[in-house]
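Raw contents of data_32.cif, mmCIF, C-alpha atoms:
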data_upload
#
loop_
_atom_site.label_atom_id
_atom_site.label_comp_id
_atom_site.auth_asym_id
_atom_site.auth_seq_id
_atom_site.Cartn_x
_atom_site.Cartn_y
_atom_site.Cartn_z
CA THR A 29 261.01 -6.28 162.87
CA SER A 30 259.45 -9.69 163.10
CA THR A 31 260.61 -12.92 161.58
CA THR A 32 258.96 -16.26 161.14
CA GLY A 33 259.98 -19.50 162.77
CA GLY A 34 259.64 -22.63 160.68
CA GLY A 35 260.51 -26.26 160.30
CA SER A 36 258.65 -29.53 160.62
CA THR A 37 260.16 -30.24 164.01
CA ALA A 38 258.45 -27.18 165.41
CA GLY A 39 257.84 -28.41 168.89
CA VAL A 40 261.26 -29.94 169.25
CA GLU A 41 263.14 -26.80 168.34
CA GLU A 42 261.00 -24.72 170.67
CA ILE A 43 261.21 -26.94 173.71
CA SER A 44 264.94 -27.52 173.09
CA ALA A 45 265.58 -23.88 173.50
CA ALA A 46 263.33 -23.69 176.51
CA THR A 47 265.59 -26.23 178.18
CA ALA A 48 268.71 -24.23 177.44
CA SER A 49 269.98 -21.94 180.16
CA ALA A 50 268.67 -18.41 180.23
CA THR A 51 272.02 -17.13 178.99
CA SER A 52 272.26 -19.39 175.95
CA THR A 53 270.91 -18.64 172.51
CA GLY A 54 268.00 -20.15 170.61
CA ASP A 55 264.30 -20.64 171.30
CA ASP A 56 264.92 -22.22 172.97
CA GLY A 57 235.49 -29.87 174.26
CA THR A 58 233.90 -32.96 174.69
CA THR A 59 234.31 -36.15 172.73
CA GLU A 60 232.10 -39.09 172.07
CA SER A 61 233.42 -42.33 173.50
CA SER A 62 233.04 -45.69 171.80
CA THR A 63 234.18 -47.63 174.85
CA SER A 64 233.41 -47.52 178.53
CA ASP A 65 235.10 -48.63 181.71
CA SER A 66 232.63 -51.48 181.98
CA ASP A 67 234.47 -53.13 179.08
CA SER A 68 237.87 -52.79 180.71
CA ASP A 69 238.07 -56.33 182.06
CA SER A 70 236.32 -58.01 179.16
CA GLY A 71 239.56 -59.16 177.56
CA GLU A 72 238.09 -58.48 174.12
CA PRO A 73 239.97 -56.43 171.53
CA TYR A 74 238.65 -52.89 171.13
CA THR A 75 239.05 -50.13 168.58
CA VAL A 76 239.67 -46.42 169.02
CA THR A 77 239.37 -44.07 166.04
CA MET A 78 241.42 -40.92 165.62
CA SER A 79 243.06 -39.02 162.78
CA PRO A 80 245.55 -39.53 161.24
CA MET A 81 245.68 -43.22 162.26
CA GLY A 82 242.05 -44.08 161.58
CA ASP A 83 240.81 -47.21 163.39
CA VAL A 84 243.38 -48.49 165.88
CA GLU A 85 242.81 -51.89 167.45
CA PHE A 86 244.06 -52.81 170.93
CA ASP A 87 244.14 -56.32 172.36
CA ALA A 88 244.39 -55.00 175.91
CA VAL A 89 245.00 -51.78 177.86
CA PRO A 90 248.63 -50.76 177.17
CA GLU A 91 251.14 -51.60 179.90
CA SER A 92 254.09 -49.64 178.48
CA VAL A 93 253.64 -46.26 176.86
CA PHE A 94 256.01 -44.29 174.64
CA THR A 95 255.50 -40.52 174.59
CA VAL A 96 257.35 -37.51 173.21
CA PHE A 97 255.68 -34.22 174.14
CA THR A 98 254.42 -33.48 177.62
CA GLN A 99 250.70 -33.45 176.89
CA TYR A 100 250.67 -37.25 176.66
CA PRO A 101 252.47 -38.08 179.93
CA ASP A 102 250.14 -35.56 181.58
CA MET A 103 247.17 -37.44 180.08
CA ALA A 104 248.56 -40.75 181.31
CA VAL A 105 248.91 -39.35 184.84
CA ALA A 106 245.38 -37.90 184.67
CA LEU A 107 244.02 -41.33 183.71
CA GLY A 108 245.90 -43.14 186.50
CA HIS A 109 248.48 -44.73 184.18
CA GLY A 110 251.47 -42.41 184.63
CA GLU A 111 253.75 -45.20 185.83
CA LYS A 112 253.51 -46.84 182.40
CA VAL A 113 255.30 -44.02 180.58
CA ASN A 114 258.79 -45.11 179.45
CA ALA A 115 259.95 -42.04 177.49
CA MET A 116 259.35 -38.32 177.23
CA TYR A 117 261.30 -35.38 175.87
CA VAL A 118 263.57 -33.58 178.36
CA PRO A 119 262.21 -35.53 181.34
CA GLU A 120 263.97 -33.52 184.02
CA MET A 121 262.66 -30.18 182.78
CA ALA A 122 259.18 -31.36 181.79
CA GLY A 123 258.73 -33.81 184.65
CA THR A 124 259.77 -31.27 187.25
CA THR A 125 257.30 -28.79 185.77
CA MET A 126 254.47 -31.34 185.82
CA ASN A 127 255.16 -32.00 189.49
CA HIS A 128 255.07 -28.25 190.20
CA TYR A 129 251.35 -28.51 189.36
CA TYR A 130 250.72 -31.96 190.84
CA GLU A 131 252.02 -30.75 194.20
CA ARG A 132 248.58 -29.17 194.69
CA LEU A 133 246.74 -32.48 194.06
CA ASP A 134 246.72 -34.97 196.94
CA GLY A 135 248.17 -38.31 195.93
CA VAL A 136 249.22 -37.23 192.42
CA SER A 137 252.84 -37.19 191.25
CA PHE A 138 254.97 -38.28 188.31
CA ASP A 139 258.22 -40.21 188.62
CA TRP A 140 260.23 -39.03 185.62
CA GLU A 141 263.65 -40.23 186.74
CA GLY A 142 265.15 -42.85 184.47
CA LEU A 143 262.83 -42.16 181.55
CA HIS A 144 264.32 -42.32 178.07
CA ASP A 145 264.54 -39.06 176.13
CA PRO A 146 263.29 -39.83 172.62
CA LEU A 147 264.65 -36.69 170.97
CA THR A 148 268.16 -36.17 172.30
CA ASP A 149 269.59 -37.43 169.01
CA GLY A 150 266.64 -37.00 166.68
CA LEU A 151 264.01 -39.74 166.92
CA PRO A 152 265.99 -43.01 166.90
CA LYS A 153 263.98 -45.92 165.56
CA GLU A 154 266.32 -48.24 167.47
CA MET A 155 265.05 -46.77 170.75
CA LEU A 156 261.47 -47.59 169.84
CA PHE A 157 262.43 -51.20 169.14
CA GLU A 158 264.45 -51.36 172.35
CA LEU A 159 261.54 -50.05 174.43
CA ASP A 160 259.03 -52.37 172.72
CA SER A 161 256.05 -50.32 173.94
CA ASP A 162 252.38 -51.28 173.73
CA VAL A 163 251.42 -47.91 172.25
CA HIS A 164 253.29 -44.90 170.85
CA LEU A 165 251.47 -41.73 171.91
CA ALA A 166 252.99 -39.81 169.04
CA ASP A 167 251.74 -38.74 165.64
CA PRO A 168 252.86 -40.90 162.68
CA ALA A 169 252.50 -37.88 160.40
CA TRP A 170 254.93 -35.96 162.62
CA ALA A 171 257.27 -38.97 162.86
CA SER A 172 257.41 -39.11 159.06
CA THR A 173 259.03 -35.64 159.03
CA GLN A 174 261.88 -36.52 161.38
CA ASN A 175 265.45 -36.98 160.19
CA ASN A 176 266.14 -40.39 158.68
CA TRP A 177 262.46 -41.42 158.86
CA GLU A 178 260.65 -42.65 155.78
CA PRO A 179 256.96 -43.64 155.50
CA SER A 180 258.16 -47.24 155.51
CA ASP A 181 259.79 -46.73 158.93
CA VAL A 182 256.57 -45.31 160.35
CA GLU A 183 254.67 -48.32 159.00
CA GLU A 184 257.28 -50.75 160.31
CA VAL A 185 256.90 -49.44 163.87
CA ALA A 186 253.09 -49.68 163.66
CA THR A 187 253.07 -53.23 162.29
CA GLN A 188 256.03 -54.81 164.05
CA LEU A 189 255.86 -53.04 167.42
CA ALA A 190 252.69 -51.23 168.42
CA PRO A 191 250.30 -48.60 167.08
CA TRP A 192 250.94 -44.91 166.80
CA PHE A 193 248.28 -42.84 168.55
CA GLY A 194 248.87 -39.10 168.45
CA ASN A 195 247.87 -35.93 166.69
CA PHE A 196 250.58 -33.25 166.53
CA TYR A 197 249.34 -30.74 163.99
CA SER A 198 246.21 -29.87 165.97
CA GLY A 199 248.64 -27.96 168.21
CA THR A 200 248.52 -24.99 165.84
CA ARG A 201 246.13 -26.32 163.17
CA ALA A 202 249.17 -26.40 160.87
CA PRO A 203 248.93 -28.26 157.55
CA ALA A 204 249.86 -31.92 157.85
CA PRO A 205 252.75 -33.28 155.75
CA GLU A 206 252.38 -34.84 152.34
CA GLY A 207 250.50 -38.12 152.40
CA TYR A 208 248.12 -37.06 155.16
CA ASP A 209 245.51 -35.23 153.12
CA ASP A 210 242.50 -36.18 155.29
CA TYR A 211 244.09 -34.97 158.52
CA GLU A 212 241.55 -33.92 161.17
CA TYR A 213 242.07 -31.46 164.01
CA TYR A 214 241.06 -31.87 167.65
CA SER A 215 240.95 -29.71 170.74
CA LEU A 216 243.15 -30.69 173.69
CA TRP A 217 240.21 -32.17 175.57
CA GLU A 218 238.91 -34.05 172.53
CA LEU A 219 242.37 -35.55 172.15
CA PHE A 220 242.38 -36.41 175.86
CA GLY A 221 239.04 -38.17 175.40
CA LYS A 222 240.52 -40.31 172.64
CA VAL A 223 243.53 -41.24 174.79
CA ALA A 224 241.12 -42.09 177.62
CA GLU A 225 239.46 -44.61 175.28
CA VAL A 226 242.84 -46.24 174.68
CA PHE A 227 243.25 -46.77 178.44
CA ARG A 228 239.54 -47.67 178.98
CA GLU A 229 239.30 -44.75 181.40
CA THR A 230 236.33 -42.79 180.10
CA GLU A 231 234.88 -42.32 183.60
CA ARG A 232 238.04 -40.54 184.74
CA TYR A 233 238.01 -38.48 181.58
CA GLU A 234 234.38 -37.48 182.06
CA ALA A 235 235.00 -36.45 185.67
CA LEU A 236 237.98 -34.29 184.68
CA ASN A 237 236.20 -32.86 181.65
CA ALA A 238 233.36 -31.76 183.94
CA VAL A 239 235.88 -29.79 186.02
CA HIS A 240 237.28 -28.24 182.83
CA GLU A 241 233.81 -27.30 181.55
CA ASP A 242 232.99 -25.74 184.91
CA LEU A 243 236.23 -23.74 184.83
CA LEU A 244 235.50 -22.46 181.32
CA SER A 245 231.98 -21.53 182.41
CA THR A 246 233.38 -19.57 185.37
CA ILE A 247 235.80 -17.72 183.09
CA ARG A 248 233.20 -16.99 180.42
CA SER A 249 230.60 -15.69 182.84
CA ASP A 250 232.99 -13.25 184.54
CA LEU A 251 235.15 -11.96 181.67
CA PRO A 252 234.94 -8.19 181.25
CA PRO A 253 233.79 -6.83 177.86
CA LYS A 254 236.50 -7.09 175.21
CA GLU A 255 237.25 -3.38 175.21
CA GLU A 256 237.95 -3.50 178.95
CA ARG A 257 240.35 -6.43 178.80
CA PRO A 258 244.11 -5.86 178.98
CA THR A 259 246.46 -6.12 176.04
CA ALA A 260 248.91 -8.96 176.53
CA VAL A 261 251.68 -10.92 174.85
CA ARG A 262 253.11 -14.38 175.41
CA VAL A 263 256.85 -14.26 174.85
CA THR A 264 260.16 -15.77 175.91
CA LEU A 265 263.22 -13.56 176.30
CA ALA A 266 265.84 -14.99 173.96
CA GLY A 267 269.30 -15.95 175.11
CA ASP A 268 270.85 -12.92 173.44
CA GLY A 269 268.89 -10.72 175.84
CA GLU A 270 267.95 -8.44 172.95
CA SER A 271 264.96 -10.19 171.36
CA PHE A 272 261.85 -12.14 172.25
CA TYR A 273 260.31 -15.31 170.88
CA THR A 274 256.67 -14.47 170.39
CA TYR A 275 253.48 -16.56 170.38
CA HIS A 276 249.86 -15.71 169.78
CA LEU A 277 247.16 -15.88 172.45
CA ASN A 278 243.88 -16.52 170.66
CA LYS A 279 244.61 -18.48 167.49
CA PRO A 280 243.25 -22.02 167.00
CA GLY A 281 245.10 -25.09 168.25
CA TYR A 282 245.64 -26.91 171.52
CA TRP A 283 248.96 -25.20 172.21
CA LEU A 284 246.84 -22.15 173.05
CA ALA A 285 244.31 -24.06 175.17
CA ASP A 286 245.28 -22.04 178.23
CA THR A 287 245.28 -18.50 176.79
CA ARG A 288 242.46 -18.61 174.23
CA PRO A 289 239.64 -19.05 176.83
CA LEU A 290 240.90 -15.93 178.62
CA GLY A 291 240.26 -13.67 175.64
CA ALA A 292 242.89 -11.03 176.39
CA ASN A 293 243.62 -8.56 173.62
CA ASP A 294 246.70 -9.93 171.85
CA ALA A 295 249.07 -7.01 171.26
CA PHE A 296 250.61 -8.99 168.39
CA ALA A 297 247.33 -10.24 166.91
CA GLU A 298 248.11 -8.73 163.51
CA GLN A 299 251.59 -10.25 163.27
CA ASP A 300 251.83 -13.28 160.99
CA TRP A 301 254.46 -15.75 162.17
CA GLY A 302 253.20 -18.80 160.34
CA ASP A 303 252.39 -21.79 162.50
CA LEU A 304 255.14 -21.61 165.08
CA TRP A 305 256.55 -18.45 166.55
CA GLY A 306 258.20 -15.21 165.57
CA THR A 307 260.86 -12.97 167.01
CA VAL A 308 260.65 -9.28 167.82
CA ASP A 309 263.15 -6.82 169.23
CA TYR A 310 262.70 -4.44 172.16
CA GLU A 311 261.59 -1.57 169.92
CA THR A 312 258.74 -3.68 168.52
CA MET A 313 257.76 -4.68 172.04
CA LEU A 314 257.66 -1.03 173.11
CA GLU A 315 255.62 -0.13 170.05
CA ALA A 316 253.03 -2.74 171.08
CA ASP A 317 253.54 -1.92 174.79
CA PRO A 318 251.24 -4.63 176.23
CA ASP A 319 249.66 -4.23 179.65
CA VAL A 320 250.72 -7.75 180.61
CA ILE A 321 253.71 -9.90 179.59
CA LEU A 322 253.25 -13.67 180.07
CA HIS A 323 256.70 -15.26 180.02
CA LEU A 324 256.38 -18.72 178.49
CA TRP A 325 258.47 -21.48 180.12
CA GLY A 326 258.80 -19.31 183.23
CA ILE A 327 257.56 -22.02 185.60
CA THR A 328 260.04 -24.55 184.21
CA PRO A 329 263.47 -25.09 185.80
CA SER A 330 265.11 -24.00 182.55
CA ARG A 331 264.13 -20.37 183.04
CA SER A 332 264.70 -17.86 185.83
CA MET A 333 261.94 -15.31 186.24
CA ALA A 334 264.18 -13.29 188.56
CA ASP A 335 266.81 -13.04 185.82
CA THR A 336 264.17 -12.26 183.19
CA ARG A 337 262.69 -9.43 185.25
CA ALA A 338 266.16 -8.05 185.98
CA SER A 339 267.05 -8.12 182.26
CA LEU A 340 263.91 -6.21 181.37
CA GLU A 341 264.34 -3.67 184.15
CA ASP A 342 268.02 -3.08 183.31
CA HIS A 343 267.41 -2.63 179.57
CA PRO A 344 267.08 1.00 178.35
CA VAL A 345 264.01 0.12 176.26
CA GLY A 346 262.71 -2.76 178.38
CA SER A 347 262.51 -0.51 181.42
CA GLN A 348 260.03 1.69 179.53
CA LEU A 349 257.54 -1.13 178.97
CA SER A 350 254.25 -0.60 180.84
CA ALA A 351 254.18 -4.23 182.01
CA VAL A 352 257.65 -3.81 183.50
CA ARG A 353 256.87 -0.48 185.17
CA ASN A 354 253.58 -1.84 186.58
CA ASP A 355 255.03 -5.18 187.75
CA ARG A 356 252.86 -7.18 185.35
CA VAL A 357 255.54 -9.48 183.94
CA HIS A 358 254.22 -12.90 184.92
CA VAL A 359 255.41 -16.47 184.91
CA ALA A 360 253.67 -18.67 182.32
CA GLY A 361 253.69 -22.41 181.85
CA MET A 362 254.37 -24.72 178.90
CA ARG A 363 252.57 -24.86 175.58
CA TYR A 364 252.90 -28.67 175.66
CA GLN A 365 250.17 -28.99 178.27
CA GLY A 366 247.98 -31.96 178.98
CA PRO A 367 244.65 -31.68 180.79
CA ILE A 368 245.93 -31.29 184.36
CA MET A 369 248.47 -28.68 183.33
CA ASN A 370 245.75 -26.94 181.31
CA LEU A 371 243.50 -26.49 184.37
CA PHE A 372 246.28 -24.85 186.37
CA GLN A 373 247.51 -22.74 183.46
CA ILE A 374 244.02 -21.37 182.74
CA GLU A 375 243.65 -20.45 186.40
CA MET A 376 247.12 -18.90 186.48
CA GLY A 377 246.46 -16.78 183.40
CA ALA A 378 243.02 -15.68 184.62
CA LYS A 379 244.50 -14.30 187.83
CA GLN A 380 247.40 -12.64 186.04
CA LEU A 381 245.23 -10.96 183.42
CA TYR A 382 242.16 -10.19 185.55
CA PRO A 383 243.23 -9.93 189.21
CA ASP A 384 240.22 -7.73 190.06
CA VAL A 385 237.87 -10.44 188.77
CA PHE A 386 239.53 -13.76 189.57
CA GLY A 387 241.81 -12.84 192.50
CA GLU A 388 245.44 -11.80 192.68
CA TRP A 389 248.16 -14.07 191.35
CA PRO A 390 250.85 -14.61 194.04
CA ARG A 391 254.33 -13.63 192.92
CA TYR A 392 256.15 -16.74 191.73
CA GLU A 393 259.71 -17.40 192.88
CA ASP A 394 262.10 -19.55 190.84
CA GLY A 395 261.97 -23.25 191.61
CA GLN A 396 258.75 -23.14 193.59
CA HIS A 397 255.72 -25.32 193.03
CA TYR A 398 252.48 -23.83 191.78
CA PRO A 399 251.44 -21.39 194.53
CA ALA A 400 249.18 -22.61 197.35
CA ILE A 401 246.15 -20.48 196.53
CA PRO A 402 243.51 -20.19 199.29
CA GLU A 403 240.55 -22.49 198.68
CA ASP A 404 238.06 -19.63 198.41
CA GLU A 405 240.13 -18.27 195.50
CA TRP A 406 240.37 -21.55 193.55
CA LEU A 407 238.93 -21.37 190.04
CA PHE A 408 238.64 -25.17 189.92
CA ASP A 409 238.26 -27.85 192.58
CA ARG A 410 241.59 -29.52 193.36
CA ARG A 411 239.86 -32.26 195.36
CA ALA A 412 237.59 -33.22 192.45
CA VAL A 413 240.64 -33.46 190.19
CA ALA A 414 242.68 -35.53 192.67
CA ASP A 415 239.72 -37.83 193.37
CA ALA A 416 239.16 -38.42 189.65
CA ILE A 417 242.82 -39.33 189.16
CA THR A 418 243.39 -41.43 192.27
CA GLY A 419 239.90 -42.86 192.78
#

Kindly present the structure from the file in C-alpha cells form.
Amino acid sequence: TSTTGGGSTAGVEEISAATASATSTGDDGTTESSTSDSDSDSGEPYTVTMSPMGDVEFDAVPESVFTVFTQYPDMAVALGHGEKVNAMYVPEMAGTTMNHYYERLDGVSFDWEGLHDPLTDGLPKEMLFELDSDVHLADPAWASTQNNWEPSDVEEVATQLAPWFGNFYSGTRAPAPEGYDDYEYYSLWELFGKVAEVFRETERYEALNAVHEDLLSTIRSDLPPKEERPTAVRVTLAGDGESFYTYHLNKPGYWLADTRPLGANDAFAEQDWGDLWGTVDYETMLEADPDVILHLWGITPSRSMADTRASLEDHPVGSQLSAVRNDRVHVAGMRYQGPIMNLFQIEMGAKQLYPDVFGEWPRYEDGQHYPAIPEDEWLFDRRAVADAITG
C-alpha cells in the first residue's frame, strides 16, 4: 500500500510538513574552478558557469544573498559569508537545526533571527524586489513552476535585480520543467564548488572538500560486504500516526548525499515513488521489517523523537518491528543539507548503521545539539572544518 508524492513544489511541501507539529497531518565530488581567491580583490567582473543559468557574470562578490532551501545558507556559512543571507525557508526550524551541527565547530554559528521566509505565502516576487539582493541562490527553473510565476517574471528578476544561481532538480535528478531541455545535474559538492566560485572562496571549498573526500574514503574502506550490511529505511511518521512518509537511501541526487555513501540495504529499494516520496502503512513497514529506521527530520525542533518512539512502541503493529524491538530507531537530519550538514549527517548515519565498525551513536534527546562525540571516535576532523570556515 504505497502511494506516490508529486508536485513541482516538492521540497516546499515536504519541508512544510516537517515544520508542522508531530500531531498535525501532512508531510510534512570535485569541481573544476574557473576563479581563485587570488582574484578576489581584483575588482574585475568574473563569470561562473552552471546549469540551468549558463554563464553568470558578477561585478563583485555578493554582499546580500537570497536563499530558499537550507543547502545554500549552509554553503554560505561554510564559505565564511553566512551573515550575508537575508532569507531562508522556515528560518527558526532550519536555522536551529544548522546550529545543532555548528555547535561542534569552534567559532561557527548562524544568526537566523530576523531572516525573511521566502515561502510562507508562495514565492512573492515583491519580496525579492524589496530585498534587492546581489544574488538569488535559487533555481530559475524551479522558480518558474511556482504559483503566479511566469518565465517573464524569472527573467525580470535576473535582469532588473540580480542573477539566479541555483540548481534544484539535481536533488533527485528529476526532470526539469518545460523550457529547460539542456538541464545538467550536479552532486552536492560540485554545486558547493560552483557557489564557492561565486564568493571567490575556492580555497575554503578545497579545504572542506578534502575533509569530505577523506570521510568518504574512511567509509568506503571500512564498509562491510553488501550482504552483511543492515536493511534500513528513511521515513517520517505522519501526523495521523498510522502511516509513514518514505524516502529512498541509495538513489541518485544530492538529497541522498548523506545516505548513499553508506550503502545500507534499502528495504524499500523496489518501491517506485517517483521523484519525491511515498507513503506506506504499518503493515507494509512490518512486511519490509528493516533492521534500522532512520527518522528524517528527527534532529529538527519540529519533531520529537521521544514521541515518535513512544508512538511506534505503543502501536500493535509498530511494536513488532525489529528496529523498534532492538532499539534501532534513530534520529536523522534534513534532506536539504549543505556541505557542513552533510559531513555530520554522514557520520551520524555511519554510526547508526554500523556501530561495530564506526563506533556507537549516542542516544539523541529532543532539543539537544549534535552529540559531543569523543575525538578518537570522530569520522572527520572538526578542527579542520572550523579552521577552513573561520580562517

Requested in this report: Would you work out the distance separating atom CA of Asp317 of chain A from atom CA of Arg356 of chain A, expressed in Å to one decimal?
Outcome: 11.8 Å

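Here atom CA of Tyr197 of chain A stands at a distance of 25.1 Å from atom CA of Leu159 of chain A.
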
Report task. To one decimal in Å, tell me the separation between atom CA of Met369 of chain A and atom CA of Tyr273 of chain A. Result ->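 Atom-to-atom, atom CA of Met369 of chain A to atom CA of Tyr273 of chain A, that is 21.8 Å.
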
Quick one: contact table of segment 233-327 of chain A to segment 397-418 of chain A, 12 Å max, nearest atom pair and distance in Å to one decimal per residue, counting all atoms listed in the file, chain and number order, as a Markdown table?
| residue | atom | partner | partner_atom | distance |
| --- | --- | --- | --- | --- |
| A:Tyr233 | CA | A:Ala416 | CA | 8.2 |
| A:Glu234 | CA | A:Ala416 | CA | 9.0 |
| A:Ala235 | CA | A:Ala416 | CA | 6.1 |
| A:Leu236 | CA | A:Val413 | CA | 6.2 |
| A:Asn237 | CA | A:Val413 | CA | 9.6 |
| A:Ala238 | CA | A:Ala412 | CA | 9.6 |
| A:Val239 | CA | A:Phe408 | CA | 6.6 |
| A:His240 | CA | A:Phe408 | CA | 7.8 |
| A:Glu241 | CA | A:Phe408 | CA | 9.9 |
| A:Asp242 | CA | A:Phe408 | CA | 7.6 |
| A:Leu243 | CA | A:Phe408 | CA | 5.8 |
| A:Leu244 | CA | A:Leu407 | CA | 9.4 |
| A:Ser245 | CA | A:Leu407 | CA | 10.3 |
| A:Thr246 | CA | A:Leu407 | CA | 7.5 |
| A:Ile247 | CA | A:Leu407 | CA | 8.5 |
| A:Asp250 | CA | A:Leu407 | CA | 11.5 |
| A:Gly326 | CA | A:Tyr398 | CA | 11.6 |
| A:Ile327 | CA | A:Tyr398 | CA | 8.2 |

Query - Picked residues, the PyMOL selection byres ((chain A and resi 329) around 9), as JSON, numbers by chain - result: {"A": [47, 120, 121, 122, 124, 125, 325, 326, 327, 328, 330, 331, 332, 394, 395]}

Report task. Using all atoms listed in the file, pick whichever of A:Thr95, A:Leu304, A:His144, A:Glu111 has the shortest atom-to-atom distance to Ala202 of chain A. Result -> A:Leu304

Query raised in the report: Need the neighbours of (264.7, -45.6, 175.3): which residues are at most 10 Å away, counting only C-alpha atoms, as an NGL selection string?
Result: :A and (94 or 114-116 or 142-147 or 152-161)

Query raised in the report: Which of these, A:Pro101, A:Ala316, A:Tyr275, A:Ser79, has the shortest distance to Ala204 of chain A once you count only C-alpha atoms?
Result: A:Ser79

Query - All residues 8 Å or closer to Asp319 of chain A, all atoms listed in the file, same chain fewer than 2 positions away omitted, as a PyMOL selection string - result: chain A and resi 258-260+317+321+350-351+356

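In terms of minimum interatomic distance to Ala104 of chain A, A:Leu165 ranks closest within A:Leu165, A:Ala266, A:Ala292, A:Leu151, counting all atoms listed in the file.
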
Requested in this report: Would you translate the PyMOL selection byres ((chain A and resi 338-344) around 12) into the concrete set of residues it matches in this file, as a ChimeraX atom specification?
Outcome: /A:50-51,264-272,309-311,313-314,321,323,332-337,345-357
